[in-house]
$ cat coords.cif   # mmCIF, C-alpha atoms
data_entry
#
loop_
_atom_site.label_atom_id
_atom_site.label_comp_id
_atom_site.auth_asym_id
_atom_site.auth_seq_id
_atom_site.Cartn_x
_atom_site.Cartn_y
_atom_site.Cartn_z
CA MET A 197 -39.77 24.03 -74.98
CA THR A 198 -41.83 27.14 -75.52
CA ASN A 199 -40.29 30.58 -75.19
CA PRO A 200 -40.94 32.51 -71.98
CA SER A 201 -43.81 34.94 -72.40
CA LEU A 202 -43.93 38.66 -71.63
CA LEU A 203 -46.90 41.03 -71.63
CA ILE A 204 -45.82 44.62 -72.17
CA LEU A 205 -48.09 47.42 -70.94
CA PRO A 206 -46.41 50.72 -71.89
CA GLY A 207 -49.18 52.85 -70.37
CA ASP A 208 -49.16 56.63 -70.40
CA GLY A 209 -46.82 59.61 -70.61
CA ILE A 210 -43.21 58.55 -71.05
CA GLY A 211 -44.18 54.89 -70.62
CA PRO A 212 -44.24 54.08 -74.36
CA GLU A 213 -40.93 55.90 -74.93
CA VAL A 214 -38.96 54.08 -72.26
CA MET A 215 -40.59 50.75 -73.06
CA ALA A 216 -39.50 51.06 -76.69
CA GLU A 217 -35.89 50.95 -75.47
CA VAL A 218 -36.63 47.85 -73.42
CA ARG A 219 -38.08 46.19 -76.51
CA LYS A 220 -34.75 46.73 -78.26
CA ILE A 221 -32.95 45.01 -75.40
CA ILE A 222 -35.41 42.10 -75.37
CA ASP A 223 -34.75 41.69 -79.09
CA TRP A 224 -30.98 41.83 -78.41
CA TYR A 225 -31.24 38.91 -76.01
CA GLY A 226 -33.16 36.95 -78.61
CA THR A 227 -30.62 37.51 -81.40
CA LYS A 228 -27.32 37.77 -79.49
CA ARG A 229 -27.88 35.43 -76.52
CA ASP A 230 -30.33 32.93 -78.04
CA MET A 231 -32.95 33.90 -75.47
CA PRO A 232 -36.11 34.63 -77.45
CA PHE A 233 -39.25 35.83 -75.68
CA ASP A 234 -42.84 35.66 -76.85
CA VAL A 235 -43.90 39.29 -76.44
CA SER A 236 -47.43 40.67 -76.56
CA GLU A 237 -48.54 44.24 -75.91
CA ASP A 238 -51.72 45.81 -74.54
CA LEU A 239 -53.14 48.91 -72.84
CA VAL A 240 -53.28 50.03 -69.22
CA GLY A 241 -54.10 53.22 -67.35
CA GLY A 242 -55.25 56.28 -69.27
CA ALA A 243 -54.55 54.59 -72.60
CA ALA A 244 -56.93 51.78 -71.68
CA TYR A 245 -59.54 54.27 -70.46
CA ASP A 246 -59.38 56.14 -73.77
CA ALA A 247 -59.92 52.90 -75.68
CA HIS A 248 -62.28 50.98 -73.41
CA GLY A 249 -63.62 53.34 -70.74
CA VAL A 250 -61.81 51.39 -67.99
CA PRO A 251 -58.17 51.57 -66.82
CA LEU A 252 -57.70 47.83 -67.40
CA HIS A 253 -59.83 45.71 -69.71
CA ASP A 254 -60.87 42.26 -68.51
CA ASP A 255 -59.13 40.67 -71.51
CA THR A 256 -55.87 42.39 -70.57
CA MET A 257 -56.23 41.17 -66.99
CA ALA A 258 -56.71 37.63 -68.29
CA LYS A 259 -53.53 37.91 -70.39
CA ALA A 260 -51.59 39.12 -67.35
CA GLN A 261 -52.65 36.02 -65.45
CA GLU A 262 -51.41 33.74 -68.23
CA VAL A 263 -47.96 35.10 -69.10
CA ASP A 264 -44.68 34.47 -67.29
CA ALA A 265 -44.16 38.17 -66.49
CA VAL A 266 -45.68 41.59 -67.08
CA LEU A 267 -43.59 44.69 -67.88
CA LEU A 268 -45.34 48.01 -67.21
CA GLY A 269 -44.23 51.54 -68.13
CA ALA A 270 -46.21 54.20 -66.26
CA VAL A 271 -49.82 55.28 -65.77
CA GLY A 272 -51.64 58.56 -65.27
CA GLY A 273 -51.48 62.19 -66.29
CA PRO A 274 -53.33 65.49 -65.85
CA LYS A 275 -55.77 64.56 -68.62
CA TYR A 276 -57.34 62.05 -66.24
CA ASP A 277 -57.32 64.05 -62.99
CA ASP A 278 -61.06 64.71 -63.02
CA LEU A 279 -62.15 61.12 -63.63
CA ASP A 280 -64.11 59.28 -60.99
CA PHE A 281 -61.81 57.50 -58.53
CA SER A 282 -63.01 54.10 -59.73
CA VAL A 283 -61.69 54.63 -63.27
CA LYS A 284 -58.54 56.67 -62.64
CA PRO A 285 -55.49 55.24 -64.48
CA GLU A 286 -53.87 54.11 -61.23
CA ARG A 287 -56.77 51.74 -60.57
CA GLY A 288 -55.56 49.62 -63.48
CA LEU A 289 -52.20 49.11 -61.79
CA LEU A 290 -53.82 48.38 -58.44
CA ARG A 291 -56.09 45.81 -60.07
CA LEU A 292 -53.09 44.03 -61.57
CA ARG A 293 -51.37 43.89 -58.19
CA LYS A 294 -54.48 42.71 -56.35
CA GLU A 295 -55.82 40.11 -58.78
CA MET A 296 -52.37 38.66 -59.50
CA ASP A 297 -51.86 38.61 -55.71
CA LEU A 298 -48.46 40.29 -55.98
CA PHE A 299 -47.79 40.44 -52.28
CA ALA A 300 -44.02 41.12 -52.29
CA ASN A 301 -42.80 44.39 -53.79
CA LEU A 302 -39.03 44.54 -54.32
CA ARG A 303 -37.55 48.03 -54.51
CA PRO A 304 -33.77 48.12 -54.90
CA ALA A 305 -31.86 51.29 -54.11
CA GLN A 306 -28.48 51.05 -55.77
CA CYS A 307 -26.09 53.95 -56.21
CA PHE A 308 -23.85 53.62 -59.24
CA ASP A 309 -20.39 55.04 -58.62
CA ALA A 310 -20.75 57.43 -61.56
CA LEU A 311 -23.81 59.02 -59.94
CA ALA A 312 -22.70 59.17 -56.30
CA ASP A 313 -22.45 62.98 -56.50
CA PHE A 314 -26.13 63.25 -57.46
CA SER A 315 -27.40 62.23 -54.05
CA SER A 316 -28.25 64.93 -51.55
CA LEU A 317 -26.17 62.97 -49.03
CA LYS A 318 -22.38 62.98 -48.87
CA LYS A 319 -20.68 60.81 -51.47
CA GLU A 320 -19.05 58.56 -48.88
CA VAL A 321 -22.48 57.84 -47.37
CA VAL A 322 -24.06 56.58 -50.60
CA ALA A 323 -21.19 55.38 -52.82
CA GLY A 324 -21.60 51.64 -53.32
CA LEU A 325 -25.08 51.61 -51.78
CA ASP A 326 -27.04 48.43 -52.60
CA ILE A 327 -30.11 47.78 -50.49
CA MET A 328 -33.43 46.07 -51.17
CA ILE A 329 -36.76 47.03 -49.63
CA VAL A 330 -39.34 44.24 -49.53
CA ARG A 331 -42.76 45.83 -49.09
CA GLU A 332 -45.96 43.89 -48.48
CA LEU A 333 -48.21 45.01 -51.32
CA THR A 334 -51.71 43.54 -51.16
CA SER A 335 -52.92 44.19 -47.62
CA GLY A 336 -52.50 46.73 -44.82
CA VAL A 337 -54.01 50.17 -44.60
CA TYR A 338 -54.48 50.60 -48.36
CA PHE A 339 -56.91 47.66 -48.52
CA GLY A 340 -58.32 47.26 -45.00
CA GLU A 341 -62.01 47.67 -44.18
CA PRO A 342 -63.81 49.72 -43.05
CA ARG A 343 -62.59 52.59 -45.17
CA GLY A 344 -64.18 55.73 -46.58
CA ILE A 345 -65.42 59.20 -45.68
CA PHE A 346 -68.43 59.16 -43.40
CA GLN A 347 -70.70 61.65 -41.67
CA GLU A 348 -70.54 61.63 -37.89
CA GLY A 349 -72.79 64.21 -36.28
CA ASN A 350 -72.04 67.59 -37.80
CA GLU A 351 -68.71 66.69 -39.42
CA ARG A 352 -67.13 64.19 -41.77
CA VAL A 353 -64.53 61.61 -40.76
CA GLY A 354 -62.06 59.76 -42.98
CA ILE A 355 -61.35 56.15 -42.03
CA ASN A 356 -58.67 53.73 -43.22
CA THR A 357 -58.02 50.46 -41.42
CA GLN A 358 -54.61 48.86 -40.91
CA ARG A 359 -55.22 45.11 -41.04
CA TYR A 360 -52.85 42.16 -41.36
CA THR A 361 -53.32 38.43 -40.93
CA GLU A 362 -50.57 36.10 -39.73
CA SER A 363 -50.44 34.37 -43.11
CA GLU A 364 -50.01 37.67 -44.98
CA ILE A 365 -47.06 38.60 -42.79
CA ASP A 366 -45.61 35.08 -42.94
CA ARG A 367 -45.42 34.90 -46.73
CA VAL A 368 -43.80 38.28 -47.28
CA ALA A 369 -41.33 37.58 -44.46
CA ARG A 370 -40.31 34.36 -46.18
CA ALA A 371 -39.82 36.26 -49.43
CA ALA A 372 -37.49 38.71 -47.66
CA PHE A 373 -35.47 35.98 -45.95
CA GLU A 374 -35.09 34.03 -49.20
CA LEU A 375 -33.91 37.17 -50.95
CA ALA A 376 -31.43 37.95 -48.16
CA ARG A 377 -29.85 34.53 -48.60
CA ARG A 378 -28.97 35.55 -52.17
CA ARG A 379 -27.52 38.89 -51.02
CA GLY A 380 -25.89 39.94 -47.75
CA ASN A 381 -27.88 37.55 -45.51
CA LYS A 382 -29.32 40.34 -43.34
CA VAL A 383 -32.95 41.40 -42.82
CA CYS A 384 -34.13 44.42 -40.85
CA SER A 385 -37.88 44.30 -40.22
CA MET A 386 -39.53 47.69 -39.69
CA GLU A 387 -42.93 48.43 -38.11
CA LYS A 388 -44.42 50.50 -35.28
CA ALA A 389 -44.88 47.86 -32.60
CA ASN A 390 -44.58 50.58 -29.97
CA VAL A 391 -47.94 52.16 -30.91
CA MET A 392 -49.76 49.76 -33.29
CA GLU A 393 -51.20 46.32 -32.55
CA SER A 394 -50.64 45.36 -36.19
CA GLY A 395 -46.99 46.17 -35.60
CA ILE A 396 -46.86 43.88 -32.57
CA LEU A 397 -48.31 41.03 -34.64
CA TRP A 398 -45.89 41.83 -37.49
CA ARG A 399 -42.87 41.59 -35.18
CA GLU A 400 -44.11 38.38 -33.55
CA VAL A 401 -44.75 36.60 -36.88
CA VAL A 402 -41.46 37.72 -38.46
CA THR A 403 -39.58 36.53 -35.37
CA LYS A 404 -41.39 33.16 -35.48
CA VAL A 405 -40.69 32.62 -39.20
CA HIS A 406 -37.04 33.48 -38.64
CA ALA A 407 -36.64 31.06 -35.72
CA GLU A 408 -38.40 28.21 -37.51
CA SER A 409 -36.88 28.47 -40.99
CA TYR A 410 -34.23 31.15 -41.39
CA ALA A 411 -32.02 31.17 -38.30
CA ASP A 412 -28.97 31.43 -40.61
CA VAL A 413 -30.10 34.92 -41.70
CA GLU A 414 -29.26 37.83 -39.41
CA LEU A 415 -32.53 39.45 -38.25
CA SER A 416 -32.98 42.82 -36.58
CA HIS A 417 -36.05 44.92 -35.79
CA MET A 418 -36.46 48.68 -35.99
CA TYR A 419 -39.33 51.11 -35.64
CA ALA A 420 -40.18 52.49 -39.08
CA ASP A 421 -39.62 56.14 -38.13
CA ALA A 422 -36.18 55.29 -36.75
CA GLY A 423 -35.58 53.34 -39.97
CA ALA A 424 -36.28 56.45 -42.04
CA MET A 425 -33.77 58.36 -39.94
CA GLN A 426 -31.15 55.63 -40.32
CA LEU A 427 -31.67 55.51 -44.10
CA CYS A 428 -30.64 59.17 -44.18
CA ARG A 429 -27.86 58.72 -41.61
CA TRP A 430 -26.03 55.57 -42.76
CA PRO A 431 -27.99 53.57 -45.35
CA LYS A 432 -25.21 51.06 -46.03
CA GLN A 433 -25.92 49.40 -42.68
CA PHE A 434 -28.92 47.71 -44.36
CA ASP A 435 -29.14 44.80 -46.78
CA VAL A 436 -32.83 43.77 -46.99
CA ILE A 437 -35.50 45.88 -45.29
CA LEU A 438 -38.83 44.12 -44.69
CA THR A 439 -41.88 46.26 -44.01
CA ASP A 440 -45.61 46.65 -44.50
CA ASN A 441 -47.55 48.37 -47.27
CA LEU A 442 -47.78 51.87 -45.80
CA PHE A 443 -44.29 52.11 -44.32
CA GLY A 444 -42.85 50.40 -47.41
CA ASP A 445 -44.39 53.08 -49.59
CA LEU A 446 -42.71 55.81 -47.53
CA LEU A 447 -39.37 54.13 -46.88
CA SER A 448 -38.83 53.03 -50.48
CA ASP A 449 -39.33 56.59 -51.75
CA CYS A 450 -36.92 57.82 -49.08
CA ALA A 451 -34.37 55.22 -50.19
CA ALA A 452 -34.99 56.09 -53.83
CA MET A 453 -33.72 59.62 -53.41
CA LEU A 454 -30.50 58.40 -51.83
CA THR A 455 -29.46 57.39 -55.34
CA GLY A 456 -30.04 60.84 -56.82
CA SER A 457 -32.71 60.17 -59.46
CA LEU A 458 -36.03 58.34 -59.61
CA GLY A 459 -35.25 57.75 -63.29
CA MET A 460 -32.75 55.10 -62.24
CA LEU A 461 -34.88 52.84 -60.05
CA PRO A 462 -36.68 49.62 -61.05
CA SER A 463 -39.10 47.48 -59.07
CA ALA A 464 -40.58 43.99 -59.03
CA SER A 465 -43.87 42.81 -57.58
CA LEU A 466 -43.95 39.06 -57.03
CA GLY A 467 -46.61 36.57 -56.07
CA ALA A 468 -46.91 32.83 -55.50
CA PRO A 469 -45.31 30.34 -57.93
CA MET A 470 -47.33 29.30 -60.96
CA ALA A 471 -47.53 25.73 -62.29
CA ASN A 472 -44.22 26.21 -64.13
CA GLY A 473 -42.47 27.31 -60.93
CA ARG A 474 -42.13 30.94 -61.95
CA PRO A 475 -43.72 33.52 -59.66
CA LYS A 476 -46.57 35.72 -60.74
CA ALA A 477 -44.67 38.89 -61.55
CA LEU A 478 -45.03 42.52 -62.56
CA TYR A 479 -41.96 44.68 -63.26
CA GLU A 480 -42.09 48.47 -63.52
CA PRO A 481 -39.90 51.55 -63.09
CA VAL A 482 -40.46 53.56 -59.93
CA HIS A 483 -40.86 56.86 -61.78
CA GLY A 484 -44.24 58.15 -62.91
CA SER A 485 -45.57 59.11 -66.32
CA ALA A 486 -43.75 62.50 -66.33
CA PRO A 487 -46.31 64.27 -68.56
CA ASP A 488 -44.17 67.43 -68.62
CA ILE A 489 -41.58 65.70 -70.85
CA SER A 490 -43.80 63.14 -72.55
CA GLY A 491 -43.25 62.82 -76.28
CA GLN A 492 -40.06 64.88 -76.29
CA GLY A 493 -37.56 62.03 -76.29
CA LEU A 494 -35.98 63.26 -73.05
CA ALA A 495 -36.99 60.51 -70.62
CA ASN A 496 -34.41 58.32 -68.93
CA PRO A 497 -35.09 54.68 -69.92
CA ILE A 498 -32.67 53.14 -67.41
CA ALA A 499 -35.23 52.40 -64.68
CA CYS A 500 -37.36 50.51 -67.19
CA ILE A 501 -34.29 48.71 -68.57
CA LEU A 502 -33.25 47.70 -65.06
CA SER A 503 -36.80 46.47 -64.43
CA PHE A 504 -36.27 44.01 -67.27
CA ALA A 505 -32.98 43.02 -65.62
CA MET A 506 -34.99 42.18 -62.51
CA ALA A 507 -37.30 40.06 -64.67
CA LEU A 508 -34.28 38.16 -65.99
CA ARG A 509 -33.16 37.48 -62.43
CA TYR A 510 -36.41 36.73 -60.58
CA SER A 511 -38.74 35.35 -63.27
CA PHE A 512 -36.39 33.62 -65.68
CA ASP A 513 -33.53 32.49 -63.41
CA GLN A 514 -30.99 34.29 -65.61
CA GLY A 515 -28.94 35.97 -62.90
CA ASP A 516 -25.78 36.13 -65.01
CA GLU A 517 -27.63 37.82 -67.86
CA ALA A 518 -29.28 40.24 -65.44
CA THR A 519 -25.81 41.12 -64.16
CA ARG A 520 -24.62 41.58 -67.76
CA LEU A 521 -27.39 44.12 -68.37
CA GLU A 522 -26.77 45.93 -65.07
CA GLN A 523 -23.06 46.13 -65.83
CA ALA A 524 -23.83 47.49 -69.30
CA VAL A 525 -25.85 50.29 -67.70
CA GLU A 526 -23.02 50.95 -65.24
CA ALA A 527 -20.49 51.12 -68.09
CA VAL A 528 -22.64 53.60 -70.02
CA LEU A 529 -22.91 55.87 -66.99
CA ALA A 530 -19.20 55.56 -66.25
CA ASN A 531 -18.52 56.73 -69.82
CA GLY A 532 -20.48 59.92 -69.11
CA ALA A 533 -23.77 59.24 -70.88
CA ARG A 534 -26.43 61.42 -69.30
CA THR A 535 -30.13 62.03 -69.89
CA ALA A 536 -31.46 65.38 -68.72
CA ASP A 537 -32.30 64.15 -65.21
CA LEU A 538 -28.67 63.06 -64.73
CA MET A 539 -26.99 66.24 -65.90
CA GLY A 540 -25.18 67.89 -63.02
CA PRO A 541 -22.04 69.87 -62.27
CA GLU A 542 -19.85 67.09 -63.65
CA ASP A 543 -19.21 67.00 -67.38
CA GLY A 544 -21.22 64.46 -69.30
CA THR A 545 -22.57 63.66 -72.73
CA PRO A 546 -26.21 64.78 -72.93
CA MET A 547 -28.48 62.40 -74.80
CA GLY A 548 -32.12 61.56 -75.21
CA THR A 549 -34.13 58.43 -74.62
CA VAL A 550 -33.26 56.63 -77.85
CA ALA A 551 -29.55 57.45 -77.66
CA MET A 552 -29.35 56.15 -74.10
CA GLY A 553 -31.01 52.91 -75.14
CA ASP A 554 -28.59 52.60 -78.06
CA ALA A 555 -25.66 53.18 -75.70
CA VAL A 556 -26.80 50.32 -73.48
CA ILE A 557 -27.11 48.07 -76.55
CA ALA A 558 -23.56 49.02 -77.56
CA ALA A 559 -22.31 48.16 -74.07
CA LEU A 560 -24.10 44.81 -74.26
CA ASP A 561 -22.38 44.13 -77.60
CA ALA A 562 -19.05 44.97 -75.99
CA SER A 563 -19.73 42.43 -73.23
CA LEU A 564 -19.74 39.48 -75.63
#

$ encode --input "coords.cif" --output "structure tokens"
Amino acid sequence: MTNPSLLILPGDGIGPEVMAEVRKIIDWYGTKRDMPFDVSEDLVGGAAYDAHGVPLHDDTMAKAQEVDAVLLGAVGGPKYDDLDFSVKPERGLLRLRKEMDLFANLRPAQCFDALADFSSLKKEVVAGLDIMIVRELTSGVYFGEPRGIFQEGNERVGINTQRYTESEIDRVARAAFELARRRGNKVCSMEKANVMESGILWREVVTKVHAESYADVELSHMYADAGAMQLCRWPKQFDVILTDNLFGDLLSDCAAMLTGSLGMLPSASLGAPMANGRPKALYEPVHGSAPDISGQGLANPIACILSFAMALRYSFDQGDEATRLEQAVEAVLANGARTADLMGPEDGTPMGTVAMGDAVIAALDASL
């Protein structure tokens, strides 16, 4: 059997720094758990623009289509702010999502006990929080046509179109229900069926999929604005939240801050199964390129590390090993290890990017 393959795209800003710590963990699994990976590396975002004049080279796109999973660091930075929209670093990421047809974006919001005081909400509201937002990623208002800025009479008008087909809703709903079966067996679908026809269709299709194939999963519906309120009021009522591209963008960032730091949050973007049964997959931390601390060794690598844990679970069917890595991170935090973004009123041991990665490796060693 051949080794599973990974394409690493460190990207810009702190991307290369945090990805270097993930490389150490990938190597650890190869040497300590007899789980070697075939790893290749390439450019995306501003780094690709600097080298090729485009944010994602065609050859890199071809590699992404061939490997078992892609790990991405971050893209963008002020250096590229004045580029034409078509070649901005973020277009490289969007191309990956679109051409790999990564329609289901998984955004966990988990609050480690050691960090419960970092949330702006009361500790008892967020302690033990573990929810998953499943966001449709390749359709909706970000991709619908017509779109653009047009002249109408004596003024300009900006147009974006919210558009969903039944099949697009069906497949992401099935992804959410399947995921719920592996978790708390509850799905809350969020839309705006009260004011949007696309929301009416969304609710109808999700209800139909549930009745036909997933009646064992508890299903509820909620308007997306009410969902945002409930995330701030009592987030632990949710298990899996299913929503569209626009509302998923907003709700997942809202949920992210319940945990206290964007530096802690991973994500997965999954598509249809390939010939080997593994889904097309892209894993990336939620945080951005953080150009203000780039190159200083201060970045928190945990979100990127946990993104690899998601790859172990969803691409390589290694749930136990994913749990091992997540528990190693939890142990490190419980022992007081803190990067700058995690330093608060509680005492902790300040450390940089490399030291935090080394601490996770040490915790993995201790798990054997």

$ closest_residue --input "coords.cif" --among "A:Leu252, A:Arg291, A:Leu268, A:Ile221" --to "Ala524 in chain A" --atoms "all atoms listed in the file"
A:Ile221

$ atom_distance --input "coords.cif" --atom1 "CA of Met296 in chain A" --atom2 "CA of Met328 in chain A"
22.0 Å

$ closest_residue --input "coords.cif" --among "A:Ile204, A:Leu446, A:Asn441, A:Tyr479" --to "Leu427 in chain A" --atoms "all atoms listed in the file"
A:Leu446

$ residues_around --input "coords.cif" --residues "Gly273 in chain A" --least-positions-apart "4" --cutoff "10 Å" --atoms "only C-alpha atoms" --output "count of residues only"
14

$ resolve_selection --input "coords.cif" --expression "the PyMOL selection byres ((chain A and resi 344) around 6)" --output "list in words"
Arg343, Ile345, Gly354 and Ile355 of chain A

$ write_last_selection --input "coords.cif" --atoms "C-alpha atoms" --output "PDB file, in the frame of the given file"
ATOM      1  CA  ARG A 343     -62.590  52.590 -45.170  1.00  0.00           C
ATOM      2  CA  ILE A 345     -65.420  59.200 -45.680  1.00  0.00           C
ATOM      3  CA  GLY A 354     -62.060  59.760 -42.980  1.00  0.00           C
ATOM      4  CA  ILE A 355     -61.350  56.150 -42.030  1.00  0.00           C
TER       5      ILE A 355
END

$ resolve_selection --input "coords.cif" --expression "the PyMOL selection byres ((chain A and resi 230-238) around 6)" --output "list in words"
Asn199, Pro200, Ser201, Leu202, Leu203, Ile204, Leu205, Tyr225, Gly226, Thr227, Lys228, Arg229 and Leu239 of chain A

$ closest_residue --input "coords.cif" --among "A:Ala411, A:Gly288, A:Leu279, A:Met215" --to "Pro251 in chain A" --atoms "only C-alpha atoms"
A:Gly288

$ resolve_selection --input "coords.cif" --expression "the PyMOL selection byres ((chain A and resi 535) around 10)" --output "list in words"
Gly459, Gly493, Leu494, Ala495, Asn496, Pro497, Ile498, Leu529, Gly532, Ala533, Arg534, Ala536, Asp537, Leu538, Met539, Gly544, Thr545, Pro546, Met547, Gly548, Thr549, Ala551 and Met552 of chain A

$ axis_aligned_box --input "coords.cif" --around "range 471-474 of chain A" --padding-each-side "5 Å" --output "AutoDock Vina command-line options"
--center_x -44.8 --center_y 28.3 --center_z -62.5 --size_x 15.4 --size_y 15.2 --size_z 13.2

$ residues_around --input "coords.cif" --residues "His483 in chain A" --least-positions-apart "4" --cutoff "8 Å" --atoms "all atoms listed in the file" --output "JSON, numbers by chain"
{"A": [270, 458, 459, 461, 499]}

$ write_last_selection --input "coords.cif" --atoms "C-alpha atoms" --output "short mmCIF file (atom, residue, chain, number, x, y, z; two decimals), keeping the file's coordinate frame"
data_model
loop_
_atom_site.label_atom_id
_atom_site.label_comp_id
_atom_site.auth_asym_id
_atom_site.auth_seq_id
_atom_site.Cartn_x
_atom_site.Cartn_y
_atom_site.Cartn_z
CA ALA A 270 -46.21 54.20 -66.26
CA LEU A 458 -36.03 58.34 -59.61
CA GLY A 459 -35.25 57.75 -63.29
CA LEU A 461 -34.88 52.84 -60.05
CA ALA A 499 -35.23 52.40 -64.68
#

$ closest_residue --input "coords.cif" --among "A:Leu397, A:Ala369, A:Val528, A:Ala265" --to "Ser409 in chain A" --atoms "all atoms listed in the file"
A:Ala369

$ closest_residue --input "coords.cif" --among "A:Leu292, A:Met392, A:Leu502, A:Leu447" --to "Leu466 in chain A" --atoms "all atoms listed in the file"
A:Leu292

$ atom_distance --input "coords.cif" --atom1 "CA of Leu302 in chain A" --atom2 "CA of Asn356 in chain A"
24.4 Å

$ residues_around --input "coords.cif" --residues "Asp297 in chain A" --least-positions-apart "6" --cutoff "8 Å" --atoms "all atoms listed in the file" --output "ChimeraX atom specification"
/A:334,467-468,476

$ atom_distance --input "coords.cif" --atom1 "CA of Ala471 in chain A" --atom2 "CA of Asp412 in chain A"
29.1 Å

$ closest_residue --input "coords.cif" --among "A:Met470, A:Ala310, A:Ala376, A:Val337" --to "Gln358 in chain A" --atoms "all atoms listed in the file"
A:Val337

$ residues_around --input "coords.cif" --residues "Val330 in chain A" --least-positions-apart "6" --cutoff "9 Å" --atoms "all atoms listed in the file" --output "VMD selection string"
chain A and resid 300 to 304 368 to 369 371 to 372 436 to 440 444 448

$ write_last_selection --input "coords.cif" --atoms "C-alpha atoms" --output "PDB file, in the coordinates of the input"
ATOM      1  CA  ALA A 300     -44.020  41.120 -52.290  1.00  0.00           C
ATOM      2  CA  ASN A 301     -42.800  44.390 -53.790  1.00  0.00           C
ATOM      3  CA  LEU A 302     -39.030  44.540 -54.320  1.00  0.00           C
ATOM      4  CA  ARG A 303     -37.550  48.030 -54.510  1.00  0.00           C
ATOM      5  CA  PRO A 304     -33.770  48.120 -54.900  1.00  0.00           C
ATOM      6  CA  VAL A 368     -43.800  38.280 -47.280  1.00  0.00           C
ATOM      7  CA  ALA A 369     -41.330  37.580 -44.460  1.00  0.00           C
ATOM      8  CA  ALA A 371     -39.820  36.260 -49.430  1.00  0.00           C
ATOM      9  CA  ALA A 372     -37.490  38.710 -47.660  1.00  0.00           C
ATOM     10  CA  VAL A 436     -32.830  43.770 -46.990  1.00  0.00           C
ATOM     11  CA  ILE A 437     -35.500  45.880 -45.290  1.00  0.00           C
ATOM     12  CA  LEU A 438     -38.830  44.120 -44.690  1.00  0.00           C
ATOM     13  CA  THR A 439     -41.880  46.260 -44.010  1.00  0.00           C
ATOM     14  CA  ASP A 440     -45.610  46.650 -44.500  1.00  0.00           C
ATOM     15  CA  GLY A 444     -42.850  50.400 -47.410  1.00  0.00           C
ATOM     16  CA  SER A 448     -38.830  53.030 -50.480  1.00  0.00           C
TER      17      SER A 448
END

$ residues_around --input "coords.cif" --residues "Ala323 in chain A" --least-positions-apart "4" --cutoff "12 Å" --atoms "all atoms listed in the file" --output "ChimeraX atom specification"
/A:305-319,327,430-432,454-456

$ build_atoms --input "coords.cif" --residues "range 461-470 of chain A" --atoms "N, CA, C and O atoms" --output "PDB file, in the frame of the given file"
ATOM      1  N   LEU A 461     -34.484  53.899 -60.984  1.00  0.00           N
ATOM      2  CA  LEU A 461     -34.880  52.840 -60.050  1.00  0.00           C
ATOM      3  C   LEU A 461     -35.964  51.924 -60.596  1.00  0.00           C
ATOM      4  O   LEU A 461     -37.042  52.375 -60.964  1.00  0.00           O
ATOM      5  N   PRO A 462     -35.692  50.618 -60.618  1.00  0.00           N
ATOM      6  CA  PRO A 462     -36.680  49.620 -61.050  1.00  0.00           C
ATOM      7  C   PRO A 462     -37.447  49.074 -59.858  1.00  0.00           C
ATOM      8  O   PRO A 462     -37.176  49.407 -58.700  1.00  0.00           O
ATOM      9  N   SER A 463     -38.415  48.208 -60.137  1.00  0.00           N
ATOM     10  CA  SER A 463     -39.100  47.480 -59.070  1.00  0.00           C
ATOM     11  C   SER A 463     -39.677  46.189 -59.625  1.00  0.00           C
ATOM     12  O   SER A 463     -39.878  46.042 -60.835  1.00  0.00           O
ATOM     13  N   ALA A 464     -39.919  45.254 -58.704  1.00  0.00           N
ATOM     14  CA  ALA A 464     -40.580  43.990 -59.030  1.00  0.00           C
ATOM     15  C   ALA A 464     -41.670  43.750 -58.017  1.00  0.00           C
ATOM     16  O   ALA A 464     -41.495  44.036 -56.827  1.00  0.00           O
ATOM     17  N   SER A 465     -42.794  43.235 -58.474  1.00  0.00           N
ATOM     18  CA  SER A 465     -43.870  42.810 -57.580  1.00  0.00           C
ATOM     19  C   SER A 465     -44.141  41.342 -57.863  1.00  0.00           C
ATOM     20  O   SER A 465     -44.520  40.984 -58.982  1.00  0.00           O
ATOM     21  N   LEU A 466     -43.923  40.507 -56.839  1.00  0.00           N
ATOM     22  CA  LEU A 466     -43.950  39.060 -57.030  1.00  0.00           C
ATOM     23  C   LEU A 466     -45.051  38.413 -56.212  1.00  0.00           C
ATOM     24  O   LEU A 466     -45.379  38.867 -55.115  1.00  0.00           O
ATOM     25  N   GLY A 467     -45.598  37.335 -56.761  1.00  0.00           N
ATOM     26  CA  GLY A 467     -46.610  36.570 -56.070  1.00  0.00           C
ATOM     27  C   GLY A 467     -46.202  35.120 -55.902  1.00  0.00           C
ATOM     28  O   GLY A 467     -45.016  34.774 -55.963  1.00  0.00           O
ATOM     29  N   ALA A 468     -47.178  34.249 -55.718  1.00  0.00           N
ATOM     30  CA  ALA A 468     -46.910  32.830 -55.500  1.00  0.00           C
ATOM     31  C   ALA A 468     -46.467  32.168 -56.804  1.00  0.00           C
ATOM     32  O   ALA A 468     -46.774  32.650 -57.903  1.00  0.00           O
ATOM     33  N   PRO A 469     -45.744  31.055 -56.720  1.00  0.00           N
ATOM     34  CA  PRO A 469     -45.310  30.340 -57.930  1.00  0.00           C
ATOM     35  C   PRO A 469     -46.498  29.821 -58.733  1.00  0.00           C
ATOM     36  O   PRO A 469     -47.503  29.374 -58.176  1.00  0.00           O
ATOM     37  N   MET A 470     -46.347  29.883 -60.049  1.00  0.00           N
ATOM     38  CA  MET A 470     -47.330  29.300 -60.960  1.00  0.00           C
ATOM     39  C   MET A 470     -46.993  27.825 -61.175  1.00  0.00           C
ATOM     40  O   MET A 470     -46.048  27.299 -60.580  1.00  0.00           O
TER      41      MET A 470
END
